[in-house]
Amino acid sequence: MSTYNAPLKDMQFAIAEFAGLDGITALPGCSEVNADLVEAVLTEAGKFAQGVLDPLNRSGDKQGAQWRDGVVTAPAGFKEAYAQFAEAGWNSLGGSVDHGGQGLPHSIALPLQEMWNSANMAFCLCPMLTTGVQEALVHHGSADLVKTYMPKLVSGEWTGTMNLTEPQAGSDLSAVRTRAVPEGDHYRIQGTKIFITWGEHDMTGNIVHLVLARLPDAPEGVKGISMFVVPKFMLNADGSPGARNDIRCVSIEHKLGIHGSPTCVLAYGDKGGATGYLVGEANRGLEYMFTMMNHARLGVGMEGVAIAERAYQHALEYAKTRVQGRAIGQRSGDRVTIIHHPDVRRMLLTMRAQTEAMRALGYYAAGTLDRAKRHADAQQRAGHQSRLDLLTPVVKGWCTELAVEIASLGVQVHGGMGFIEETGAAQYLRDARITTIYEGTTGIQANDLIGRKVGAEKGATALALIAEMRALDAPLLAAGETFTAMRASFTQAVDGLEAATLWLVDHYRQEPEAAAAVAVPYLKLFGTVAGGWLMARAALIARERLNETDADRAFLEGKLATTRFYLEHLLPQAGALAQTVTRGAASTLALDVAAF
Amino acid sequence: MKVLVTVKRVIDPYVKVRVKSDGSGVETANVKMAMNPFCEIAIEQAVRMKEAGVVTEIVAVSIGAPQCQETLRTAMAMGADRGILVETGTTDMQPLAVAKLVKAIIDKEQPRLVIMGKQAIDDDANQTGQMVSALLGWPQSAFTSAITVNGDTADVTREIDGGLEKLTIKLPAVITTDLRLNEPRYVTLPNIMKAKKKPLETLKPETLGVDVTPRLKTLKVEEPPKRSAGVKVADVKELVAKLRNEARVI
Ligand SMILES: Cc1cc2nc3c(=O)[nH]c(=O)nc-3n(C[C@H](O)[C@H](O)[C@H](O)COP(=O)(O)OP(=O)(O)OC[C@H]3O[C@@H](n4cnc5c(N)ncnc54)[C@H](O)[C@@H]3O)c2cc1C
Ligand SMILES: Cc1cc2nc3c(=O)[nH]c(=O)nc-3n(C[C@H](O)[C@H](O)[C@H](O)COP(=O)(O)OP(=O)(O)OC[C@H]3O[C@@H](n4cnc5c(N)ncnc54)[C@H](O)[C@@H]3O)c2cc1C
């Protein structure tokens, strides 16, 4: 069984180069953020992930969260680990300084999320959702709500949840039916929410639910949904948890993965209505949700990167110890460890190169998010915001879809033992499987990408990014012969992305069905090429640095090797995906619904 | 009471150590480094004593390359109040030179107690604490697994062959830590941020008047021999004969 080792070097490299650390330091409120701080924070967080969270990953999976008569118990050790996590201040990383947080940028927060998720994804969902509630309150909550709840959420003394989904309202939240009836300074909430992650547990003294519901006079559809804070325990005059609110955990789900995290059915208002407090203005709940969307979706994209990294580390260790067969072409002599077989190396490199590319794109998006939020110049903020809006569904959709493939390869490297639970390889595949579903399925991400992000603005932001990708052609050419094949592959891939983007711009309005039919292939194409772009940049940086006297040769040569593999072995998929986008729509729609 | 704690920067215990191809030493360039685990225990002990109200100030000292600053920042994030780095030109710092530098700083700082790791996991020399104590003429308690300070003395428990030894030593004294003394804490995020603002002084061996020229010369460093395959012995007699004649262990 392998132990999680945070990939500090690649993380620091990606923060420096792709989040763009120098630019982050220059942002208002970030003057303390520099390479030394990044190293210190990553190192200590890595120790915590390895020493506290990782050891509970297998046991949490095996035991799972338990439900009994409405009471949910977290797996053994989780409560203590959560207390340690909060005490160590990790929960407060991104929280604003005004509420006791450290106010650190996403360029540090997202890499840390990667670590927590690699070590123990089921656990990590709880603090992640708590961060989401903080965001909602800070941006939209009244001063009173902020004062009452923020400090406890930042410190981690209480946790938060997101209550969107109902049986009839999953991808389509406009169908939400939970009702909220005004009563004095608060509301009475009544309805059923399903799939609520960490919706009930025994780790903290209170839980703050963020609930989407409708007012009696609310208009139909998306414009009639409001957002409420509904605490598990009502608060006494001194702010301490008091009487139980009218919320009951009816059951928890039996599911494929993330067994350590309870997925709850919550019944609101069995006894007349749970007390809730309106966040912001009435009927603007979904709009508020969308302001937090980039952040939450990047977070789930990071879960993909995290599981991929963990699955890779696990498979690598196995490949270095499992002896099976002789080296190719040898008929006698010693048998070798399977890492000597070219096909096993292909699998390992596929895992590693894609993980590095996903990390690069994820951290790039985190840096973009920081600039979009904090840059002093409004025009700069707007520019970064539209690039972030474009990349968010790509990071979410592409990183999670690849994570499933990578975790599956991790099983394959283990041979028969991968299929057997004892090795732990299967857990990563099971855990990865949810990431393409919650926080908007891949299909929903792809619709968002081709619609609001590309089609609606005639591809302006996407084409600008593609032009920036093309600017890499000159340095790739100048880098000489070793880069010739990489450059050719890269050029073809960018050509494909551009052609597919133009096709979408042309067809999005006239043939929306056709565009939607190839939305997911387009999303995958976008991720594959954007990842290749950043990997190529990484290789050029590595090539430069290798000339320095104290160069970290092993790391830089490794980066050149993974880039070469990515560009020459994986990136050619872009050509096929581009053809699917431009020629594959009609065939998808050829079989009529009735004919299935 | 002021406590001085030494912290050494070593190769991270989780990293696989490699010998340089020219046999001149161990590869440390671009290798992940960390605080020597026994020094972590020393800092943890000082911090616990401060939390208990026994200690008022903790000074962390590190000797070596400029990067030892990171190790001092970690010590300060764990709870040390300030750091002193003695920046040496050479990386080949041997126990006697280190002990002399530590003594020079102790002369300046006048702590009541010095806590050091019993050894560093890189060279495993297990000498510096004892040398510091001898140079100062102070009592020492090496391999310590418990400390209680009572005014001018400290009750200590030492891990010795075959059991535990309990002693009372006069302060000021030098104590070196064993594994069971405590379990170091995880550093907290707010303390990492605070550590950045704590004072860190840099000194040179020359200003302390200490000659750090190595006295021992490393001739060659090589990997331990690979384990070769075992053999089956027919009976106990053959085993004893092999142990006596081939392995020469009995
Ligand atoms: C373990 C787990 C934890 C969860 N945690 C939370 C939580 O904490 N809070 C919360 O509110 N929710 C949570 N969810 C709910 C989750 O967000 C939804 O399951 C998800 O949004 C999908 O909705 P659905 O399950 O209703 O699927 P559906 O919406 O019914 O989707 C079924 C399929 O149809 C496709 N589809 C649907 N609509 C479209 C469309 N317009 N275009 C193209 N394809 C479409 C989807 O892509 C999918 O493949 C959780 C779910 C799970 C399983
Ligand atoms: C649920 C289950 C049911 C099974 N049922 C049966 C059964 O009824 N009867 C029976 O006899 N067996 C059975 N098996 C065993 C199964 O056939 C083996 O697990 C399978 O052949 C792989 O062998 P392995 O597990 O030893 O993996 P390994 O051979 O160790 O392979 C590990 C990895 O190394 C790769 N690899 C190994 N050698 C090479 C090479 N030369 N070149 C390239 N790559 C290589 C593999 O592709 C794999 O990715 C079963 C296994 C499972 C999990």
# chains A, B, ... in the order shown; residues from 1 in each chain; ligands from 1
call {"tool": "interface_residues", "arguments": {"of": "chain A", "to": "chain B", "cutoff": "6 Å", "atoms": "only C-alpha atoms", "output": "PyMOL selection string"}}
result
chain A and resi 88-89+552
call {"tool": "select_by_dssp", "arguments": {"residues": "segment 52-150 of chain B", "states": "helix (DSSP H, G or I)", "output": "PyMOL selection string"}}
result
chain B and resi 68-78+95-109+128-136
call {"tool": "residues_near_ligand", "arguments": {"ligand": "ligand 1", "cutoff": "9 Å", "atoms": "only C-alpha atoms and all ligand atoms", "output": "ChimeraX atom specification"}}
result
/A:125,129,161-173,193-199,211-212,253,255-259,261-264,434-447,516-517
call {"tool": "write_last_selection", "arguments": {"atoms": "C-alpha atoms", "output": "tab-separated table (two decimals), in the first residue's frame"}}
result
chain	number	residue	atom	x	y	z
A	125	LEU	CA	-15.63	17.40	0.61
A	129	LEU	CA	-18.51	22.76	0.93
A	161	THR	CA	-23.58	22.30	2.97
A	162	MET	CA	-25.14	23.08	-0.40
A	163	ASN	CA	-28.81	22.08	-0.79
A	164	LEU	CA	-29.72	22.37	-4.44
A	165	THR	CA	-30.81	18.97	-5.65
A	166	GLU	CA	-34.32	17.55	-5.33
A	167	PRO	CA	-35.68	14.35	-6.87
A	168	GLN	CA	-37.12	16.25	-9.86
A	169	ALA	CA	-34.44	18.97	-9.94
A	170	GLY	CA	-30.87	17.86	-10.67
A	171	SER	CA	-29.22	19.30	-13.75
A	172	ASP	CA	-32.25	21.55	-14.15
A	173	LEU	CA	-32.47	23.57	-10.95
A	193	LYS	CA	-33.48	17.75	-0.63
A	194	ILE	CA	-31.52	14.75	-1.87
A	195	PHE	CA	-27.84	13.90	-2.37
A	196	ILE	CA	-26.70	16.46	0.21
A	197	THR	CA	-23.01	15.85	0.88
A	198	TRP	CA	-22.10	15.92	4.58
A	199	GLY	CA	-25.71	17.08	5.15
A	211	VAL	CA	-30.87	25.94	0.74
A	212	LEU	CA	-32.52	26.86	-2.56
A	253	GLU	CA	-27.22	6.71	0.06
A	255	LYS	CA	-23.04	4.42	-3.41
A	256	LEU	CA	-20.18	3.47	-5.71
A	257	GLY	CA	-17.50	5.61	-4.08
A	258	ILE	CA	-16.66	8.33	-1.55
A	259	HIS	CA	-18.07	6.04	1.12
A	261	SER	CA	-18.78	11.07	3.05
A	262	PRO	CA	-22.48	10.79	3.93
A	263	THR	CA	-24.81	11.66	1.01
A	264	CYS	CA	-28.03	12.64	2.74
A	434	ILE	CA	-18.60	10.93	-8.96
A	435	THR	CA	-16.48	13.85	-10.12
A	436	THR	CA	-17.96	13.89	-13.63
A	437	ILE	CA	-21.46	13.98	-12.16
A	438	TYR	CA	-21.87	16.40	-9.28
A	439	GLU	CA	-21.44	20.15	-9.55
A	440	GLY	CA	-22.87	19.82	-13.06
A	441	THR	CA	-22.37	16.70	-15.22
A	442	THR	CA	-19.89	16.71	-18.08
A	443	GLY	CA	-22.83	17.19	-20.43
A	444	ILE	CA	-23.89	20.30	-18.54
A	445	GLN	CA	-20.30	21.64	-18.55
A	446	ALA	CA	-20.10	21.10	-22.29
A	447	ASN	CA	-23.44	22.85	-22.88
A	516	ALA	CA	-25.12	20.16	-28.55
A	517	ALA	CA	-24.50	16.71	-30.05
call {"tool": "residues_around", "arguments": {"residues": "segment 44-48 of chain B", "least_positions_apart": "4", "cutoff": "9 Å", "atoms": "only C-alpha atoms", "output": "ChimeraX atom specification"}}
result
/B:3-5,39-40,52-55,57-58,75,78-80,115,147,177,181-185
call {"tool": "closest_atom_pairs", "arguments": {"of": "chain A", "to": "ligand 2", "cutoff": "6 Å", "atoms": "only C-alpha atoms and all ligand atoms", "output": "Markdown table"}}
result
| residue | atom | partner | partner_atom_place_in_ligand_line | distance |
| --- | --- | --- | --- | --- |
| A:Gln324 | CA | ligand 2 | 38 (N) | 5.4 |
| A:Gly325 | CA | ligand 2 | 41 (N) | 5.2 |
| A:Ile338 | CA | ligand 2 | 34 (O) | 5.2 |
| A:His341 | CA | ligand 2 | 43 (C) | 4.8 |
| A:Asp343 | CA | ligand 2 | 43 (C) | 5.1 |
| A:Val344 | CA | ligand 2 | 44 (N) | 5.5 |
| A:Gln412 | CA | ligand 2 | 49 (O) | 4.8 |
| A:Val413 | CA | ligand 2 | 49 (O) | 3.8 |
| A:His414 | CA | ligand 2 | 32 (C) | 4.9 |
| A:Gly415 | CA | ligand 2 | 27 (O) | 3.7 |
| A:Gly416 | CA | ligand 2 | 19 (O) | 3.3 |
| A:Met417 | CA | ligand 2 | 25 (O) | 5.5 |
| A:Phe419 | CA | ligand 2 | 53 (C) | 5.2 |
call {"tool": "write_last_selection", "arguments": {"atoms": "all heavy atoms", "output": "compact mmCIF listing (two decimals), in the first residue's frame"}}
result
# COMPACT_ATOMS: atom_id res chain seq x y z
N GLN A 324 7.01 -9.91 -13.05
CA GLN A 324 6.20 -10.75 -13.94
C GLN A 324 6.79 -10.72 -15.34
O GLN A 324 6.88 -9.67 -15.97
CB GLN A 324 4.74 -10.25 -13.96
CG GLN A 324 3.76 -11.21 -14.57
CD GLN A 324 3.52 -12.47 -13.72
OE1 GLN A 324 2.96 -13.43 -14.18
NE2 GLN A 324 3.96 -12.47 -12.47
N GLY A 325 7.18 -11.88 -15.81
CA GLY A 325 7.66 -12.01 -17.18
C GLY A 325 9.10 -11.53 -17.34
O GLY A 325 9.69 -10.95 -16.43
N ILE A 338 7.39 -5.24 -13.56
CA ILE A 338 6.58 -4.94 -14.75
C ILE A 338 6.86 -3.55 -15.34
O ILE A 338 6.52 -3.30 -16.50
CB ILE A 338 5.06 -5.09 -14.47
CG1 ILE A 338 4.62 -4.24 -13.29
CG2 ILE A 338 4.69 -6.57 -14.28
CD1 ILE A 338 3.10 -4.20 -13.11
N HIS A 341 8.27 -3.45 -18.77
CA HIS A 341 7.50 -3.72 -19.98
C HIS A 341 7.05 -2.41 -20.62
O HIS A 341 6.48 -1.55 -19.94
CB HIS A 341 6.26 -4.57 -19.66
CG HIS A 341 6.59 -5.89 -19.06
ND1 HIS A 341 7.52 -6.74 -19.61
CD2 HIS A 341 6.13 -6.52 -17.95
CE1 HIS A 341 7.61 -7.84 -18.88
NE2 HIS A 341 6.78 -7.72 -17.85
N ASP A 343 4.62 -1.57 -22.39
CA ASP A 343 3.21 -1.19 -22.28
C ASP A 343 2.87 -0.66 -20.89
O ASP A 343 2.01 0.22 -20.74
CB ASP A 343 2.29 -2.37 -22.62
CG ASP A 343 0.83 -1.94 -22.57
OD1 ASP A 343 0.48 -1.03 -23.34
OD2 ASP A 343 0.07 -2.47 -21.74
N VAL A 344 3.55 -1.18 -19.88
CA VAL A 344 3.31 -0.66 -18.52
C VAL A 344 3.85 0.76 -18.43
O VAL A 344 3.22 1.66 -17.85
CB VAL A 344 3.92 -1.59 -17.46
CG1 VAL A 344 3.84 -0.97 -16.08
CG2 VAL A 344 3.21 -2.95 -17.49
N GLN A 412 -5.54 -1.15 -14.12
CA GLN A 412 -4.97 -2.02 -15.15
C GLN A 412 -3.50 -2.36 -14.86
O GLN A 412 -3.07 -3.49 -15.05
CB GLN A 412 -5.10 -1.34 -16.51
CG GLN A 412 -4.72 -2.21 -17.69
CD GLN A 412 -5.71 -3.35 -17.91
OE1 GLN A 412 -6.81 -3.35 -17.38
NE2 GLN A 412 -5.29 -4.34 -18.68
N VAL A 413 -2.75 -1.37 -14.39
CA VAL A 413 -1.34 -1.61 -14.07
C VAL A 413 -1.22 -2.70 -12.99
O VAL A 413 -0.29 -3.49 -12.99
CB VAL A 413 -0.65 -0.30 -13.59
CG1 VAL A 413 0.72 -0.59 -13.00
CG2 VAL A 413 -0.55 0.69 -14.74
N HIS A 414 -2.21 -2.77 -12.12
CA HIS A 414 -2.17 -3.76 -11.05
C HIS A 414 -2.58 -5.15 -11.52
O HIS A 414 -2.55 -6.10 -10.74
CB HIS A 414 -3.13 -3.36 -9.91
CG HIS A 414 -2.60 -2.28 -9.02
ND1 HIS A 414 -2.57 -0.96 -9.38
CD2 HIS A 414 -2.10 -2.33 -7.76
CE1 HIS A 414 -2.07 -0.25 -8.38
NE2 HIS A 414 -1.77 -1.05 -7.39
N GLY A 415 -2.99 -5.29 -12.77
CA GLY A 415 -3.45 -6.60 -13.24
C GLY A 415 -4.63 -7.07 -12.40
O GLY A 415 -5.46 -6.26 -11.96
N GLY A 416 -4.68 -8.36 -12.13
CA GLY A 416 -5.79 -8.92 -11.36
C GLY A 416 -5.93 -8.25 -10.00
O GLY A 416 -7.05 -8.06 -9.49
N MET A 417 -4.81 -7.89 -9.40
CA MET A 417 -4.86 -7.29 -8.07
C MET A 417 -5.54 -5.92 -8.07
O MET A 417 -5.98 -5.44 -7.04
CB MET A 417 -3.45 -7.17 -7.48
CG MET A 417 -2.84 -8.48 -7.04
SD MET A 417 -3.96 -9.46 -6.02
CE MET A 417 -3.91 -8.56 -4.48
N PHE A 419 -8.30 -5.32 -9.45
CA PHE A 419 -9.74 -5.58 -9.35
C PHE A 419 -10.12 -6.01 -7.95
O PHE A 419 -11.29 -6.08 -7.60
CB PHE A 419 -10.09 -6.67 -10.37
CG PHE A 419 -11.55 -6.80 -10.67
CD1 PHE A 419 -12.21 -5.85 -11.44
CD2 PHE A 419 -12.27 -7.88 -10.18
CE1 PHE A 419 -13.56 -5.99 -11.72
CE2 PHE A 419 -13.63 -8.01 -10.46
CZ PHE A 419 -14.27 -7.06 -11.23
call {"tool": "residues_around", "arguments": {"residues": "segment 220-237 of chain A", "least_positions_apart": "4", "cutoff": "6 Å", "atoms": "only C-alpha atoms", "output": "list in words"}}
result
Ser174, Asn206, Ile207, Val208, His209, Leu210, Val211, Leu212, Ala213, Arg214, Pro241, Gly242, Ala243, Arg244, Asn245, Gly276, Tyr277, Leu278, Val279, Ala282, Asn283, Arg284 and Gly285 of chain A
call {"tool": "residues_around", "arguments": {"residues": "Gln66 of chain A", "least_positions_apart": "4", "cutoff": "12 Å", "atoms": "only C-alpha atoms", "output": "PDB file with N, CA and C atoms, in the first residue's frame"}}
result
ATOM      1  N   GLY A  60     -11.846   4.725   5.948  1.00  0.00           N
ATOM      2  CA  GLY A  60     -13.089   5.467   5.737  1.00  0.00           C
ATOM      3  C   GLY A  60     -13.915   4.842   4.626  1.00  0.00           C
ATOM      4  N   ASP A  61     -13.235   4.363   3.588  1.00  0.00           N
ATOM      5  CA  ASP A  61     -13.921   3.728   2.455  1.00  0.00           C
ATOM      6  C   ASP A  61     -14.567   2.425   2.892  1.00  0.00           C
ATOM      7  N   LYS A  62     -13.827   1.659   3.679  1.00  0.00           N
ATOM      8  CA  LYS A  62     -14.321   0.342   4.093  1.00  0.00           C
ATOM      9  C   LYS A  62     -15.499   0.469   5.051  1.00  0.00           C
ATOM     10  N   GLY A  70     -31.744   8.706  12.053  1.00  0.00           N
ATOM     11  CA  GLY A  70     -31.550  10.123  11.775  1.00  0.00           C
ATOM     12  C   GLY A  70     -30.197  10.677  12.209  1.00  0.00           C
ATOM     13  N   VAL A  71     -29.420   9.841  12.915  1.00  0.00           N
ATOM     14  CA  VAL A  71     -28.099  10.296  13.360  1.00  0.00           C
ATOM     15  C   VAL A  71     -27.037   9.726  12.422  1.00  0.00           C
ATOM     16  N   VAL A  72     -26.148  10.582  11.937  1.00  0.00           N
ATOM     17  CA  VAL A  72     -25.105  10.132  11.022  1.00  0.00           C
ATOM     18  C   VAL A  72     -23.753  10.196  11.723  1.00  0.00           C
ATOM     19  N   THR A  73     -23.037   9.080  11.660  1.00  0.00           N
ATOM     20  CA  THR A  73     -21.725   9.016  12.286  1.00  0.00           C
ATOM     21  C   THR A  73     -20.664   8.915  11.198  1.00  0.00           C
ATOM     22  N   ALA A  74     -19.683   9.791  11.265  1.00  0.00           N
ATOM     23  CA  ALA A  74     -18.584   9.748  10.304  1.00  0.00           C
ATOM     24  C   ALA A  74     -17.716   8.524  10.604  1.00  0.00           C
ATOM     25  N   PRO A  75     -16.962   8.040   9.611  1.00  0.00           N
ATOM     26  CA  PRO A  75     -16.099   6.884   9.854  1.00  0.00           C
ATOM     27  C   PRO A  75     -15.104   7.167  10.988  1.00  0.00           C
ATOM     28  N   ALA A  76     -14.645   6.101  11.623  1.00  0.00           N
ATOM     29  CA  ALA A  76     -13.736   6.235  12.759  1.00  0.00           C
ATOM     30  C   ALA A  76     -12.531   7.096  12.392  1.00  0.00           C
ATOM     31  N   TRP A 198     -22.372  15.547   3.188  1.00  0.00           N
ATOM     32  CA  TRP A 198     -22.102  15.923   4.581  1.00  0.00           C
ATOM     33  C   TRP A 198     -23.281  16.717   5.172  1.00  0.00           C
ATOM     34  N   GLU A 200     -25.516  15.738   7.153  1.00  0.00           N
ATOM     35  CA  GLU A 200     -25.692  15.447   8.574  1.00  0.00           C
ATOM     36  C   GLU A 200     -24.454  14.662   9.025  1.00  0.00           C
ATOM     37  N   HIS A 201     -23.939  14.993  10.203  1.00  0.00           N
ATOM     38  CA  HIS A 201     -22.755  14.279  10.714  1.00  0.00           C
ATOM     39  C   HIS A 201     -22.507  14.665  12.159  1.00  0.00           C
ATOM     40  N   ASP A 202     -21.547  14.001  12.767  1.00  0.00           N
ATOM     41  CA  ASP A 202     -21.261  14.214  14.189  1.00  0.00           C
ATOM     42  C   ASP A 202     -19.906  14.879  14.415  1.00  0.00           C
ATOM     43  N   CYS A 249     -32.493  14.029   8.811  1.00  0.00           N
ATOM     44  CA  CYS A 249     -31.803  13.217   7.808  1.00  0.00           C
ATOM     45  C   CYS A 249     -32.536  11.887   7.712  1.00  0.00           C
ATOM     46  N   SER A 251     -32.251   9.457   5.382  1.00  0.00           N
ATOM     47  CA  SER A 251     -31.418   8.296   5.053  1.00  0.00           C
ATOM     48  C   SER A 251     -30.135   8.797   4.410  1.00  0.00           C
ATOM     49  N   ILE A 252     -29.167   7.896   4.274  1.00  0.00           N
ATOM     50  CA  ILE A 252     -27.995   8.226   3.449  1.00  0.00           C
ATOM     51  C   ILE A 252     -27.889   7.189   2.343  1.00  0.00           C
ATOM     52  N   GLU A 253     -27.259   7.575   1.239  1.00  0.00           N
ATOM     53  CA  GLU A 253     -27.217   6.707   0.057  1.00  0.00           C
ATOM     54  C   GLU A 253     -26.133   5.628   0.178  1.00  0.00           C
ATOM     55  N   HIS A 254     -26.413   4.475  -0.453  1.00  0.00           N
ATOM     56  CA  HIS A 254     -25.385   3.451  -0.649  1.00  0.00           C
ATOM     57  C   HIS A 254     -24.812   3.702  -2.023  1.00  0.00           C
ATOM     58  N   HIS A 259     -17.270   6.617   0.040  1.00  0.00           N
ATOM     59  CA  HIS A 259     -18.074   6.037   1.119  1.00  0.00           C
ATOM     60  C   HIS A 259     -17.923   6.786   2.441  1.00  0.00           C
ATOM     61  N   GLY A 260     -16.768   7.420   2.617  1.00  0.00           N
ATOM     62  CA  GLY A 260     -16.536   8.117   3.885  1.00  0.00           C
ATOM     63  C   GLY A 260     -17.422   9.338   4.051  1.00  0.00           C
ATOM     64  N   SER A 261     -17.967   9.859   2.941  1.00  0.00           N
ATOM     65  CA  SER A 261     -18.784  11.072   3.049  1.00  0.00           C
ATOM     66  C   SER A 261     -20.264  10.719   2.963  1.00  0.00           C
ATOM     67  N   PRO A 262     -21.055  11.095   3.956  1.00  0.00           N
ATOM     68  CA  PRO A 262     -22.482  10.792   3.927  1.00  0.00           C
ATOM     69  C   PRO A 262     -23.194  11.632   2.863  1.00  0.00           C
ATOM     70  N   THR A 263     -23.994  10.979   2.018  1.00  0.00           N
ATOM     71  CA  THR A 263     -24.812  11.660   1.010  1.00  0.00           C
ATOM     72  C   THR A 263     -26.256  11.557   1.482  1.00  0.00           C
ATOM     73  N   CYS A 264     -26.816  12.691   1.902  1.00  0.00           N
ATOM     74  CA  CYS A 264     -28.028  12.641   2.741  1.00  0.00           C
ATOM     75  C   CYS A 264     -29.302  13.050   2.013  1.00  0.00           C
TER      76      CYS A 264
END
call {"tool": "atom_distance", "arguments": {"atom1": "atom CA of Trp533 of chain A", "atom2": "atom CA of Gly480 of chain A"}}
result
17.6 Å
call {"tool": "closest_residue", "arguments": {"among": "A:Arg537, A:His140, A:Arg452, A:Lys524", "to": "Met486 of chain A", "atoms": "only C-alpha atoms"}}
result
A:Arg537
call {"tool": "residues_around", "arguments": {"residues": "Thr501 of chain A", "least_positions_apart": "3", "cutoff": "9 Å", "atoms": "only C-alpha atoms", "output": "PDB file with N, CA, C and O atoms, in the first residue's frame"}}
result
ATOM      1  N   ILE A 450     -20.105  25.417 -24.940  1.00  0.00           N
ATOM      2  CA  ILE A 450     -20.446  25.782 -26.326  1.00  0.00           C
ATOM      3  C   ILE A 450     -21.476  26.915 -26.377  1.00  0.00           C
ATOM      4  O   ILE A 450     -21.537  27.651 -27.349  1.00  0.00           O
ATOM      5  N   VAL A 454     -18.742  30.071 -25.671  1.00  0.00           N
ATOM      6  CA  VAL A 454     -18.204  30.162 -27.029  1.00  0.00           C
ATOM      7  C   VAL A 454     -19.251  30.730 -27.994  1.00  0.00           C
ATOM      8  O   VAL A 454     -19.042  31.773 -28.609  1.00  0.00           O
ATOM      9  N   GLY A 455     -20.391  30.043 -28.086  1.00  0.00           N
ATOM     10  CA  GLY A 455     -21.405  30.437 -29.070  1.00  0.00           C
ATOM     11  C   GLY A 455     -21.906  31.854 -28.878  1.00  0.00           C
ATOM     12  O   GLY A 455     -21.937  32.654 -29.828  1.00  0.00           O
ATOM     13  N   GLY A 459     -17.258  33.133 -30.209  1.00  0.00           N
ATOM     14  CA  GLY A 459     -15.928  32.550 -30.044  1.00  0.00           C
ATOM     15  C   GLY A 459     -14.818  33.533 -29.706  1.00  0.00           C
ATOM     16  O   GLY A 459     -13.639  33.166 -29.756  1.00  0.00           O
ATOM     17  N   ALA A 462     -12.418  32.421 -26.885  1.00  0.00           N
ATOM     18  CA  ALA A 462     -11.743  31.179 -27.275  1.00  0.00           C
ATOM     19  C   ALA A 462     -10.728  31.452 -28.378  1.00  0.00           C
ATOM     20  O   ALA A 462      -9.587  30.971 -28.327  1.00  0.00           O
ATOM     21  N   LEU A 463     -11.115  32.243 -29.367  1.00  0.00           N
ATOM     22  CA  LEU A 463     -10.205  32.498 -30.487  1.00  0.00           C
ATOM     23  C   LEU A 463      -8.998  33.323 -30.045  1.00  0.00           C
ATOM     24  O   LEU A 463      -7.896  33.141 -30.554  1.00  0.00           O
ATOM     25  N   GLY A 496      -6.832  22.063 -35.300  1.00  0.00           N
ATOM     26  CA  GLY A 496      -8.076  21.321 -35.066  1.00  0.00           C
ATOM     27  C   GLY A 496      -9.003  22.078 -34.130  1.00  0.00           C
ATOM     28  O   GLY A 496     -10.216  22.183 -34.381  1.00  0.00           O
ATOM     29  N   LEU A 497      -8.432  22.611 -33.055  1.00  0.00           N
ATOM     30  CA  LEU A 497      -9.253  23.348 -32.093  1.00  0.00           C
ATOM     31  C   LEU A 497      -9.870  24.573 -32.745  1.00  0.00           C
ATOM     32  O   LEU A 497     -11.042  24.903 -32.531  1.00  0.00           O
ATOM     33  N   GLU A 498      -9.066  25.231 -33.581  1.00  0.00           N
ATOM     34  CA  GLU A 498      -9.578  26.439 -34.229  1.00  0.00           C
ATOM     35  C   GLU A 498     -10.715  26.092 -35.198  1.00  0.00           C
ATOM     36  O   GLU A 498     -11.775  26.732 -35.195  1.00  0.00           O
ATOM     37  N   LEU A 504     -18.368  25.556 -34.542  1.00  0.00           N
ATOM     38  CA  LEU A 504     -19.383  25.785 -33.509  1.00  0.00           C
ATOM     39  C   LEU A 504     -19.989  27.176 -33.632  1.00  0.00           C
ATOM     40  O   LEU A 504     -21.206  27.356 -33.509  1.00  0.00           O
ATOM     41  N   VAL A 505     -19.112  28.171 -33.858  1.00  0.00           N
ATOM     42  CA  VAL A 505     -19.601  29.547 -33.989  1.00  0.00           C
ATOM     43  C   VAL A 505     -20.607  29.618 -35.147  1.00  0.00           C
ATOM     44  O   VAL A 505     -21.652  30.256 -35.041  1.00  0.00           O
ATOM     45  N   ASP A 506     -20.285  28.895 -36.229  1.00  0.00           N
ATOM     46  CA  ASP A 506     -21.181  28.877 -37.394  1.00  0.00           C
ATOM     47  C   ASP A 506     -22.510  28.176 -37.116  1.00  0.00           C
ATOM     48  O   ASP A 506     -23.543  28.575 -37.656  1.00  0.00           O
ATOM     49  N   TYR A 522     -16.097  18.464 -28.043  1.00  0.00           N
ATOM     50  CA  TYR A 522     -15.434  19.776 -28.122  1.00  0.00           C
ATOM     51  C   TYR A 522     -14.770  20.128 -26.793  1.00  0.00           C
ATOM     52  O   TYR A 522     -13.643  20.618 -26.765  1.00  0.00           O
ATOM     53  N   VAL A 581     -16.074  16.727 -33.955  1.00  0.00           N
ATOM     54  CA  VAL A 581     -16.871  17.942 -33.775  1.00  0.00           C
ATOM     55  C   VAL A 581     -17.412  18.424 -35.120  1.00  0.00           C
ATOM     56  O   VAL A 581     -18.608  18.704 -35.262  1.00  0.00           O
TER      57      VAL A 581
END
